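**Student:** Pasting data-v2.cif below, which is mmCIF, C-alpha atoms.
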```
data_entry
loop_
_atom_site.label_atom_id
_atom_site.label_comp_id
_atom_site.auth_asym_id
_atom_site.auth_seq_id
_atom_site.Cartn_x
_atom_site.Cartn_y
_atom_site.Cartn_z
CA MET A 1 -107.78 46.32 6.01
CA GLY A 2 -106.14 43.15 7.30
CA ALA A 3 -105.91 42.40 11.00
CA GLU A 4 -104.14 39.85 13.11
CA GLY A 5 -103.51 39.30 16.79
CA LEU A 6 -100.13 40.48 17.99
CA PRO A 7 -97.74 37.77 19.07
CA ARG A 8 -97.55 36.97 22.75
CA PRO A 9 -94.38 38.03 24.56
CA ALA A 10 -91.51 35.59 24.20
CA THR A 11 -89.85 33.78 27.09
CA THR A 12 -86.12 33.95 27.68
CA ASN A 13 -85.50 30.97 25.37
CA GLY A 14 -87.32 32.70 22.51
CA GLU A 15 -90.50 30.61 22.62
CA ILE A 16 -93.91 32.23 22.78
CA ALA A 17 -95.06 32.49 26.38
CA PRO A 18 -98.48 30.86 26.88
CA HIS A 19 -101.16 32.74 28.81
CA HIS A 20 -102.41 29.97 31.09
CA HIS A 21 -104.78 32.29 32.90
CA PRO A 22 -106.98 34.96 31.31
CA PRO A 23 -106.44 38.54 32.50
CA GLU A 24 -108.50 39.47 35.54
CA ILE A 25 -109.14 42.95 34.11
CA LEU A 26 -109.67 43.71 30.42
CA GLY A 27 -109.54 47.18 28.92
CA LEU A 28 -111.37 47.99 25.69
CA GLN A 29 -109.60 50.80 23.85
CA PRO A 30 -110.67 50.42 20.21
CA ALA A 31 -107.80 52.57 18.91
CA ALA A 32 -104.32 52.45 20.40
CA LEU A 33 -103.05 55.95 21.14
CA ILE A 34 -99.68 57.59 21.64
CA ASP A 35 -99.50 60.68 23.87
CA HIS A 36 -96.89 63.39 23.32
CA VAL A 37 -96.92 65.25 26.65
CA ALA A 38 -94.93 68.42 27.33
CA ARG A 39 -94.88 71.35 29.75
CA VAL A 40 -94.89 74.49 27.62
CA ASP A 41 -95.04 78.25 28.01
CA LEU A 42 -98.27 80.09 27.28
CA SER A 43 -96.93 81.71 24.12
CA LEU A 44 -97.06 78.35 22.33
CA LEU A 45 -100.73 77.92 23.24
CA ASP A 46 -101.43 81.26 21.54
CA ARG A 47 -99.68 80.10 18.35
CA ILE A 48 -101.64 76.90 17.74
CA PRO A 49 -105.25 76.80 16.41
CA GLY A 50 -108.10 76.57 18.88
CA ASP A 51 -108.69 77.72 22.44
CA ARG A 52 -106.53 76.93 25.42
CA GLY A 53 -107.76 74.06 27.54
CA GLY A 54 -109.82 72.45 24.80
CA SER A 55 -109.45 69.29 22.76
CA ILE A 56 -109.65 69.90 19.02
CA PRO A 57 -108.82 67.22 16.40
CA VAL A 58 -105.93 68.08 14.06
CA ALA A 59 -104.54 66.61 10.85
CA VAL A 60 -101.20 64.80 10.73
CA GLU A 61 -99.44 67.84 9.27
CA GLU A 62 -100.74 70.07 12.07
CA LEU A 63 -99.68 67.55 14.72
CA GLU A 64 -96.17 67.38 13.29
CA GLY A 65 -96.01 71.19 13.20
CA ILE A 66 -97.02 71.46 16.86
CA LEU A 67 -94.43 68.86 17.86
CA LYS A 68 -91.71 70.92 16.16
CA GLU A 69 -92.86 74.06 17.97
CA VAL A 70 -92.87 72.25 21.32
CA LYS A 71 -89.10 71.77 21.20
CA THR A 72 -88.51 75.51 21.55
CA HIS A 73 -91.25 76.17 24.13
CA VAL A 74 -90.71 73.52 26.81
CA LEU A 75 -90.59 74.60 30.45
CA ALA A 76 -88.41 73.17 33.18
CA SER A 77 -90.37 70.81 35.43
CA PRO A 78 -90.66 71.85 39.10
CA ASP A 79 -89.89 68.31 40.29
CA GLY A 80 -86.83 67.97 38.07
CA SER A 81 -88.42 65.22 35.98
CA SER A 82 -88.62 65.02 32.20
CA VAL A 83 -90.19 68.04 30.51
CA ALA A 84 -91.56 65.95 27.63
CA LYS A 85 -92.72 62.36 27.29
CA THR A 86 -93.97 60.14 24.49
CA ILE A 87 -95.90 57.20 25.94
CA ALA A 88 -98.84 54.89 25.33
CA GLY A 89 -101.95 56.89 26.14
CA GLY A 90 -105.70 56.78 26.28
CA SER A 91 -107.92 56.64 29.34
CA VAL A 92 -108.38 52.87 29.36
CA ALA A 93 -104.69 52.17 28.73
CA ASN A 94 -103.84 54.46 31.66
CA THR A 95 -106.22 52.58 33.96
CA ILE A 96 -105.09 49.05 33.15
CA ARG A 97 -101.41 50.04 33.13
CA GLY A 98 -101.94 51.38 36.64
CA LEU A 99 -103.69 48.18 37.72
CA SER A 100 -100.84 46.05 36.40
CA ALA A 101 -97.80 48.16 37.30
CA GLY A 102 -98.97 49.61 40.60
CA PHE A 103 -101.41 47.05 41.94
CA GLY A 104 -100.10 43.79 40.49
CA LEU A 105 -103.32 42.62 38.83
CA SER A 106 -103.24 40.65 35.59
CA CYS A 107 -104.58 42.90 32.82
CA GLY A 108 -105.15 42.69 29.08
CA ILE A 109 -106.16 45.13 26.37
CA ILE A 110 -108.61 44.74 23.48
CA GLY A 111 -108.10 47.08 20.53
CA ALA A 112 -106.03 47.71 17.43
CA CYS A 113 -102.80 49.48 16.59
CA GLY A 114 -101.17 50.38 13.29
CA ASP A 115 -98.05 48.81 11.80
CA ASP A 116 -96.08 52.04 12.33
CA ASP A 117 -93.56 53.35 14.85
CA GLN A 118 -96.35 54.61 17.10
CA GLY A 119 -98.03 51.19 17.09
CA ARG A 120 -94.74 49.53 18.02
CA LEU A 121 -94.22 52.05 20.82
CA PHE A 122 -97.70 51.35 22.19
CA VAL A 123 -97.04 47.60 22.19
CA SER A 124 -93.63 48.09 23.83
CA ASN A 125 -95.01 50.31 26.60
CA MET A 126 -97.95 48.01 27.39
CA THR A 127 -95.77 44.90 27.36
CA PHE A 128 -93.15 46.52 29.59
CA HIS A 129 -95.84 47.10 32.22
CA GLY A 130 -97.06 43.51 32.09
CA ILE A 131 -100.18 43.99 29.96
CA ASN A 132 -101.39 40.95 28.00
CA ILE A 133 -101.53 42.16 24.38
CA SER A 134 -102.79 38.94 22.75
CA ARG A 135 -106.17 40.66 22.16
CA LEU A 136 -104.59 43.71 20.52
CA ARG A 137 -105.03 43.47 16.74
CA SER A 138 -102.29 44.68 14.43
CA LYS A 139 -103.62 46.40 11.29
CA LYS A 140 -102.15 48.08 8.26
CA GLY A 141 -102.36 51.80 8.81
CA PHE A 142 -101.79 54.60 11.30
CA THR A 143 -101.88 54.61 15.09
CA ALA A 144 -103.74 57.50 16.72
CA GLN A 145 -101.68 60.24 18.40
CA CYS A 146 -102.39 63.17 20.72
CA VAL A 147 -100.34 66.21 21.71
CA CYS A 148 -100.99 67.13 25.34
CA LEU A 149 -99.65 70.58 26.21
CA VAL A 150 -99.46 71.34 29.93
CA ASP A 151 -99.05 74.90 31.19
CA GLU A 152 -97.27 75.95 34.38
CA LEU A 153 -100.52 75.64 36.38
CA GLY A 154 -101.04 72.03 35.26
CA ASN A 155 -103.87 72.84 32.83
CA ARG A 156 -104.03 70.75 29.65
CA THR A 157 -104.61 71.65 26.01
CA MET A 158 -105.17 68.58 23.83
CA ARG A 159 -104.75 68.21 20.08
CA PRO A 160 -105.64 64.62 19.06
CA CYS A 161 -104.86 63.26 15.60
CA LEU A 162 -107.36 60.46 15.05
CA SER A 163 -108.07 60.68 11.33
CA ASN A 164 -107.42 57.41 9.48
CA ALA A 165 -106.28 55.73 12.71
CA VAL A 166 -106.93 51.98 12.84
CA LYS A 167 -109.34 50.59 15.41
CA VAL A 168 -111.07 47.37 16.30
CA GLN A 169 -114.65 46.87 15.12
CA GLY A 170 -117.57 45.30 16.95
CA GLU A 171 -117.81 42.30 14.64
CA GLU A 172 -114.20 41.40 15.38
CA LEU A 173 -114.91 40.71 19.05
CA VAL A 174 -115.30 37.06 20.06
CA LYS A 175 -116.15 35.34 23.33
CA ASP A 176 -112.55 34.10 23.68
CA ASP A 177 -111.54 37.74 24.16
CA PHE A 178 -113.57 37.89 27.39
CA MET A 179 -113.70 34.33 28.69
CA GLY A 180 -112.47 33.93 32.26
CA SER A 181 -111.97 37.65 32.98
CA LYS A 182 -113.75 39.47 35.82
CA TRP A 183 -113.98 43.09 34.66
CA LEU A 184 -114.19 44.98 31.37
CA VAL A 185 -113.05 48.63 31.57
CA MET A 186 -114.41 51.08 28.96
CA ARG A 187 -114.70 54.79 28.26
CA TYR A 188 -117.85 56.25 26.72
CA SER A 189 -117.48 57.65 23.21
CA ILE A 190 -120.06 58.18 20.50
CA PHE A 191 -117.36 57.34 17.96
CA ASN A 192 -116.95 53.88 19.50
CA LEU A 193 -120.59 53.24 20.38
CA GLU A 194 -120.95 50.23 18.08
CA VAL A 195 -117.93 48.41 19.50
CA ILE A 196 -118.89 49.38 23.08
CA LYS A 197 -122.33 47.80 22.64
CA ALA A 198 -120.81 44.70 21.06
CA ALA A 199 -118.28 44.37 23.88
CA ILE A 200 -120.96 44.73 26.58
CA LYS A 201 -123.09 42.04 24.91
CA VAL A 202 -120.28 39.48 24.78
CA ALA A 203 -118.98 40.43 28.25
CA LYS A 204 -122.39 39.84 29.80
CA GLN A 205 -122.70 36.49 28.05
CA GLU A 206 -119.36 35.51 29.61
CA GLY A 207 -120.24 36.78 33.10
CA VAL A 208 -117.81 39.71 32.97
CA SER A 209 -118.70 42.87 34.94
CA VAL A 210 -118.63 46.19 33.07
CA SER A 211 -117.05 49.48 34.18
CA LEU A 212 -117.81 52.66 32.22
CA ASP A 213 -116.16 56.07 32.50
CA LEU A 214 -118.26 59.00 31.20
CA ALA A 215 -115.24 60.51 29.37
CA SER A 216 -116.03 64.25 29.28
CA PHE A 217 -118.84 66.71 29.92
CA GLU A 218 -118.89 67.49 26.17
CA MET A 219 -119.46 63.82 25.35
CA VAL A 220 -122.27 63.62 27.91
CA ARG A 221 -123.86 66.88 26.74
CA ASN A 222 -123.72 66.18 23.01
CA HIS A 223 -124.49 62.46 23.06
CA ARG A 224 -126.71 62.04 26.10
CA VAL A 225 -129.43 59.84 24.55
CA PRO A 226 -127.23 56.84 23.62
CA LEU A 227 -125.43 57.19 26.95
CA MET A 228 -128.73 57.02 28.81
CA GLU A 229 -129.65 53.91 26.82
CA LEU A 230 -126.44 52.24 28.00
CA LEU A 231 -127.05 53.21 31.63
CA LEU A 232 -130.75 52.30 31.64
CA SER A 233 -129.98 48.87 30.16
CA GLY A 234 -128.68 47.74 33.55
CA ASP A 235 -125.61 46.21 31.89
CA VAL A 236 -123.17 48.75 33.35
CA ASP A 237 -122.06 47.52 36.78
CA LEU A 238 -119.77 50.41 37.73
CA CYS A 239 -119.87 54.00 36.48
CA PHE A 240 -117.32 56.76 37.04
CA ALA A 241 -118.22 60.43 36.50
CA ASN A 242 -116.30 63.55 37.41
CA GLU A 243 -118.12 66.59 38.78
CA ASP A 244 -118.59 68.23 35.36
CA GLU A 245 -119.93 65.03 33.80
CA ALA A 246 -122.24 64.47 36.77
CA THR A 247 -123.65 67.99 36.42
CA GLU A 248 -124.17 67.50 32.68
CA LEU A 249 -125.86 64.13 33.19
CA LEU A 250 -128.86 65.73 34.92
CA ARG A 251 -128.83 69.11 33.18
CA GLY A 252 -132.34 70.54 33.06
CA GLU A 253 -133.55 68.56 36.08
CA ALA A 254 -134.86 70.42 39.12
CA ASN A 255 -132.14 68.83 41.24
CA ALA A 256 -128.88 68.35 39.35
CA ASP A 257 -126.22 68.41 42.06
CA HIS A 258 -123.51 65.78 42.61
CA GLU A 259 -125.56 63.85 45.14
CA ALA A 260 -128.51 63.65 42.74
CA ALA A 261 -126.24 62.42 39.94
CA LEU A 262 -124.81 59.78 42.27
CA GLU A 263 -128.33 58.62 43.16
CA PHE A 264 -129.30 58.45 39.50
CA LEU A 265 -126.24 56.39 38.55
CA ALA A 266 -126.69 54.10 41.55
CA LYS A 267 -130.25 53.26 40.46
CA HIS A 268 -128.90 51.70 37.29
CA CYS A 269 -125.38 50.57 38.25
CA ARG A 270 -124.26 48.40 41.19
CA TRP A 271 -121.51 50.89 42.02
CA ALA A 272 -121.57 54.63 41.27
CA VAL A 273 -118.68 57.04 41.78
CA VAL A 274 -118.53 60.83 41.35
CA THR A 275 -115.03 62.28 41.66
CA LEU A 276 -114.77 65.88 42.88
CA GLY A 277 -111.15 66.80 42.23
CA ALA A 278 -109.60 68.48 45.27
CA ASN A 279 -112.82 67.78 47.19
CA GLY A 280 -112.41 64.00 47.02
CA CYS A 281 -115.19 61.71 45.85
CA LEU A 282 -118.67 60.35 46.50
CA ALA A 283 -119.56 56.69 45.99
CA LYS A 284 -122.63 54.52 46.45
CA HIS A 285 -123.23 50.77 46.51
CA GLY A 286 -126.65 49.49 47.50
CA LYS A 287 -127.76 51.71 50.36
CA GLU A 288 -124.24 52.65 51.45
CA VAL A 289 -122.94 56.12 50.56
CA VAL A 290 -119.43 57.31 51.38
CA ARG A 291 -117.53 60.56 50.93
CA VAL A 292 -113.73 60.33 50.96
CA PRO A 293 -111.42 63.39 50.88
CA ALA A 294 -108.63 63.82 48.36
CA ILE A 295 -105.00 63.52 49.37
CA GLY A 296 -103.91 67.02 50.32
CA GLU A 297 -100.18 66.30 50.09
CA SER A 298 -100.14 65.79 46.32
CA LYS A 299 -98.84 68.75 44.30
CA ALA A 300 -100.34 68.80 40.81
CA VAL A 301 -97.80 69.04 37.99
CA ASP A 302 -100.15 67.62 35.33
CA ALA A 303 -103.76 66.52 35.85
CA THR A 304 -103.56 64.01 32.98
CA GLY A 305 -104.78 60.59 34.09
CA ALA A 306 -106.08 61.56 37.53
CA GLY A 307 -109.51 60.02 36.91
CA ASP A 308 -108.00 57.05 35.07
CA LEU A 309 -105.71 56.19 37.97
CA PHE A 310 -108.49 56.77 40.49
CA ALA A 311 -110.37 54.05 38.61
CA SER A 312 -107.30 51.78 38.91
CA GLY A 313 -107.33 52.03 42.69
CA PHE A 314 -111.09 51.68 43.01
CA LEU A 315 -111.19 48.59 40.77
CA TYR A 316 -108.31 47.06 42.69
CA GLY A 317 -110.32 47.42 45.88
CA LEU A 318 -113.37 45.80 44.29
CA THR A 319 -111.39 42.81 43.02
CA LYS A 320 -110.03 42.29 46.54
CA GLY A 321 -113.49 42.45 48.11
CA LEU A 322 -112.72 45.56 50.14
CA SER A 323 -115.25 48.03 51.54
CA LEU A 324 -116.62 50.92 49.50
CA GLU A 325 -114.65 53.40 51.61
CA GLU A 326 -111.42 51.44 51.15
CA CYS A 327 -111.98 51.31 47.36
CA CYS A 328 -112.29 55.10 47.34
CA LYS A 329 -109.16 55.50 49.47
CA PHE A 330 -107.14 53.33 47.08
CA GLY A 331 -108.49 55.47 44.24
CA SER A 332 -107.48 58.71 45.93
CA CYS A 333 -103.94 57.38 46.52
CA SER A 334 -103.34 56.22 42.93
CA GLY A 335 -105.17 59.23 41.44
CA GLY A 336 -103.03 61.54 43.58
CA SER A 337 -99.83 59.82 42.50
CA VAL A 338 -100.17 60.35 38.74
CA ILE A 339 -100.62 64.13 38.91
CA ARG A 340 -97.18 64.52 40.51
CA SER A 341 -95.42 64.20 37.12
CA LEU A 342 -96.12 64.53 33.41
CA GLY A 343 -98.46 62.17 31.58
CA GLY A 344 -100.89 59.41 32.49
CA GLU A 345 -98.18 56.94 33.56
CA VAL A 346 -97.16 56.82 37.23
CA THR A 347 -93.40 56.88 37.77
CA PRO A 348 -91.79 54.28 40.10
CA GLU A 349 -91.01 57.06 42.58
CA ASN A 350 -94.62 58.16 42.65
CA TRP A 351 -95.85 54.60 43.15
CA GLN A 352 -93.66 54.51 46.25
CA TRP A 353 -95.28 57.78 47.33
CA ALA A 354 -98.73 56.20 46.77
CA TYR A 355 -97.84 53.14 48.86
CA LYS A 356 -96.81 55.40 51.74
CA GLN A 357 -100.18 57.15 51.51
CA MET A 358 -101.95 53.77 51.53
CA GLN A 359 -99.96 52.69 54.57
CA ALA A 360 -100.84 55.91 56.38
CA LYS A 361 -104.52 55.23 55.71
CA GLY A 362 -104.27 51.67 57.05
CA LEU A 363 -104.75 50.07 53.64
CA PRO A 364 -103.08 46.77 52.67
CA ILE A 365 -100.12 47.41 50.35
CA PRO A 366 -100.59 45.63 47.00
CA GLU A 367 -98.41 42.62 46.22
CA ILE A 368 -96.57 43.42 42.98
CA ARG A 369 -95.52 40.64 40.61
CA ASN A 370 -91.84 40.56 39.72
#
```
As structure tokens, please, write out the structure in this file.
**Tutor:**
Amino acid sequence: MGAEGLPRPATTNGEIAPHHHPPEILGLQPAALIDHVARVDLSLLDRIPGDRGGSIPVAVEELEGILKEVKTHVLASPDGSSVAKTIAGGSVANTIRGLSAGFGLSCGIIGACGDDDQGRLFVSNMTFHGINISRLRSKKGFTAQCVCLVDELGNRTMRPCLSNAVKVQGEELVKDDFMGSKWLVMRYSIFNLEVIKAAIKVAKQEGVSVSLDLASFEMVRNHRVPLMELLLSGDVDLCFANEDEATELLRGEANADHEAALEFLAKHCRWAVVTLGANGCLAKHGKEVVRVPAIGESKAVDATGAGDLFASGFLYGLTKGLSLEECCKFGSCSGGSVIRSLGGEVTPENWQWAYKQMQAKGLPIPEIRN
């Protein structure tokens, strides 16, 4: 399967725009992904295979069938916004898009997309939000897709279509991908373990700090041993876990609460964060421990991307040298903004809402590039 780097965005005179400075933040998402997000009535969830609330892989034919059904089962959105969206998705893409669009940091993505309509859509969406795509390989084949069905309570049912999707391999990574960047953002997955390990090795050689999200309690439960190897290596500088992942991390231990999970992560990572949904978050760096409440004013339309955008805010704070508490407050503002509408992409209106929350908390408002 052939692969080549995608062309850099052109300037107004049609020439290729040079990237004089490497991205400050890099996201590793081995396979580009397109999300089809829609608010639907419960009757549709009863018609598709699998349980509500779960994430079960489907074939292309099943995905296309679900998308046809969605058209007749969409619900009106309470905020008057779009009832269905098709956007670039994936946890890492959500995080770096937030860092670029909402916080003004220079970001790039490492991965691969197919030479299909979905691949072109992914490139278009990332480029529109200022993401450097020169490390995104274009390959012959299919781009991964996922149907995300959101019920009226904001609960999600996911049906990913990943079979035969193109992705970047560990041996394709080179030091030029990482040189000059400060952070590498990744999401744990047993299916991408080889490329994750390869990326960490090169990143460390280039002096790039590593951030790892634990992905899901199922991933932690079913693939705990390789995850522990990553954490115990000392190569992960920052780790994000939600409350379910934190509980799963220490399952079977005498003390397996959120505080114990935070302590465990902090022994092996410079920064450890456990997000607690409506109860805010816990974070530890060195001997400092903070607990920051969630933003109570945010009404959840769709929980997609809440953790991803929390990571955006927290990483922004770290890059600016802010305190641990301020990093958490930025995370709560950006995480609270994305759940106000469909999908893992924050709307311009909701970024304005987030900035007002930051201002109310005494945080410096990010300077956004034009």
**Student:** When the PyMOL selection byres ((chain A and resi 85) around 9) is applied to the file above, which residues end up in the set, as a list in words?
**Tutor:**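 Residues picked by the PyMOL selection byres ((chain A and resi 85) around 9): Asp35, His36, Val37, Ala38, Ser82, Val83, Ala84, Thr86, Ile87, Leu342 and Gly343 of chain A.
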**Student:** Could you name the residues that touch Met179 of chain A at 9 Å or less, counting all atoms listed in the file, but leaving out those on the same chain fewer than 2 positions away, as a PyMOL selection string?
**Tutor:** chain A and resi 22+175-177+181-182+203+206-208
**Student:** Write out as a PyMOL selection string each polymer residue whose atoms come within 10 Å of segment 327-329 of chain A, counting all atoms listed in the file; drop sequence neighbours fewer than 5 positions from it.
**Tutor:** chain A and resi 273+275+280-283+290-295+310-322+334-335+357-358+361-363
**Student:** For Glu218 of chain A, which of A:Leu276, A:Leu238, A:Gly54, A:Val150 is the closest residue, counting all atoms listed in the file?
**Tutor:** A:Gly54
**Student:** Env of segment 60-63 of chain A: 12 Å cut, atoms = only C-alpha atoms, seq-sep filter 4 positions within chain, self excluded. Answer as a list in words.
**Tutor:** Asp35, His36, Arg47, Ile48, Pro49, Gly50, Ile56, Leu67, Lys68, Glu69, Val70, Phe142, Thr143, Ala144, Gln145, Cys146, Val147, Cys148, Leu149, Met158, Arg159, Pro160, Cys161, Leu162, Ser163, Asn164 and Ala165 of chain A
**Student:** Run the PyMOL selection byres ((chain A and resi 198-202) around 12) mentally over the shown coordinates, then write out the matched residues as a PyMOL selection string, using the chain letters and numbers from the document.
**Tutor:** chain A and resi 26-30+110-111+168-179+181+183-188+192-197+203-212+230-231+233-237
**Student:** Between atom CA of Asn350 of chain A and atom CA of Ser216 of chain A, what is the distance in Å, rounded to a tenth?
**Tutor:**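 About the pair atom CA of Asn350 of chain A and atom CA of Ser216 of chain A: they are 26.0 Å apart.
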**Student:** To one decimal place in Å, what is the distance between atom CA of Asp213 of chain A and atom CA of Glu259 of chain A?
**Tutor:** 17.6 Å
**Student:** Have a look at A:Trp353, A:Trp271, A:Val225, A:Ser106 and name the one nearest to Val289 of chain A; count all atoms listed in the file.
**Tutor:**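 Of the candidates, the smallest distance to Val289 of chain A is held by A:Trp271.
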**Student:** Please enclose the listed atoms of segment 22-30 of chain A in an axis-aligned box, pad each side by 3 Å, and write out the centre and the three edge lengths in Å, rounded to one decimal, as JSON.
**Tutor:**
```
{"center_x": -108.9, "center_y": 42.9, "center_z": 27.9, "size_x": 10.9, "size_y": 21.8, "size_z": 21.3}
```
**Student:** Give me the result of the PyMOL selection byres ((chain A and resi 53) around 7) on this file, residue by residue, as a ChimeraX atom specification.
**Tutor:** /A:51-52,54-55,155-157
**Student:** For Gly154 of chain A, please output as a PDB file with C-alpha atoms, in the frame of the given file all residues within 6 Å (counting all atoms listed in the file; exclusion window: fewer than 3 positions along the same chain).
**Tutor:**
```
ATOM      1  CA  VAL A 150     -99.460  71.340  29.930  1.00  0.00           C
ATOM      2  CA  ASP A 151     -99.050  74.900  31.190  1.00  0.00           C
ATOM      3  CA  VAL A 301     -97.800  69.040  37.990  1.00  0.00           C
ATOM      4  CA  ASP A 302    -100.150  67.620  35.330  1.00  0.00           C
TER       5      ASP A 302
END
```
**Student:** Report, in Å to a single decimal, how far apart atom CA of Ala303 of chain A and atom CA of Val123 of chain A are.
**Tutor:** 24.3 Å
**Student:** Leaving out Gly114 of chain A and any residue of its chain fewer than 5 positions from it, which residues lie within 10 Å of it when counting all atoms listed in the file, given as JSON, numbers by chain?
**Tutor:** {"A": [3, 31, 32, 33, 119, 120, 122, 137, 138, 139, 140, 141, 142, 143, 144, 165, 166, 167]}
**Student:** What residues have an atom no more than 6 Å from (-104.1, 43.0, 20.5) in the file's own frame, counting all atoms listed in the file, and can you write them as a PyMOL selection string?
**Tutor:** chain A and resi 5-6+110-112+133-137
**Student:** My list of candidates is A:Gly90, A:Gly108, A:Gly305, A:Pro23. Which is closest to Ser337 of chain A when distances are computed with all atoms listed in the file?
**Tutor:**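 Looking at the shortest contact to Ser337 of chain A, the residue is A:Gly305.
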**Student:** From the options A:Arg340, A:His285, A:His223, A:His21, which residue's atoms come nearest to Glu325 of chain A, counting only C-alpha atoms?
**Tutor:**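 For Glu325 of chain A, the nearest of the given residues is A:His285.
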**Student:** List as a ChimeraX atom specification: which residues have an atom within 7 Å of (-112.5, 59.4, 38.7), counting all atoms listed in the file?
**Tutor:** /A:240-242,274-275,306-308,310-311
**Student:** Complete segment 53-59 of chain A with all heavy atoms (output as a short mmCIF file (atom, residue, chain, number, x, y, z; two decimals), in the frame of the given file).
**Tutor:**
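After the write, result-v7.cif holds the following:
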```
data_model
loop_
_atom_site.label_atom_id
_atom_site.label_comp_id
_atom_site.auth_asym_id
_atom_site.auth_seq_id
_atom_site.Cartn_x
_atom_site.Cartn_y
_atom_site.Cartn_z
N GLY A 53 -106.98 74.91 26.68
CA GLY A 53 -107.76 74.06 27.54
C GLY A 53 -108.70 73.11 26.84
O GLY A 53 -109.26 72.21 27.45
N GLY A 54 -108.90 73.31 25.53
CA GLY A 54 -109.82 72.45 24.80
C GLY A 54 -109.14 71.25 24.17
O GLY A 54 -107.93 71.04 24.29
N SER A 55 -109.95 70.46 23.48
CA SER A 55 -109.45 69.29 22.76
C SER A 55 -110.02 69.33 21.35
O SER A 55 -111.21 69.05 21.15
CB SER A 55 -109.87 68.01 23.47
OG SER A 55 -109.43 66.87 22.76
N ILE A 56 -109.20 69.73 20.40
CA ILE A 56 -109.65 69.90 19.02
C ILE A 56 -108.86 68.97 18.10
O ILE A 56 -107.63 69.00 18.11
CB ILE A 56 -109.46 71.36 18.55
CG1 ILE A 56 -110.24 72.31 19.46
CG2 ILE A 56 -109.89 71.53 17.10
CD1 ILE A 56 -109.96 73.77 19.19
N PRO A 57 -109.53 68.13 17.31
CA PRO A 57 -108.82 67.22 16.40
C PRO A 57 -107.99 68.00 15.38
O PRO A 57 -108.40 69.07 14.91
CB PRO A 57 -109.95 66.45 15.71
CG PRO A 57 -111.13 66.58 16.62
CD PRO A 57 -110.99 67.92 17.27
N VAL A 58 -106.81 67.46 15.06
CA VAL A 58 -105.93 68.08 14.06
C VAL A 58 -105.49 67.04 13.05
O VAL A 58 -105.54 65.83 13.32
CB VAL A 58 -104.68 68.71 14.72
CG1 VAL A 58 -105.07 69.86 15.63
CG2 VAL A 58 -103.87 67.67 15.50
N ALA A 59 -105.07 67.51 11.88
CA ALA A 59 -104.54 66.61 10.85
C ALA A 59 -103.10 66.25 11.18
O ALA A 59 -102.46 66.89 12.03
CB ALA A 59 -104.62 67.30 9.49
#
```
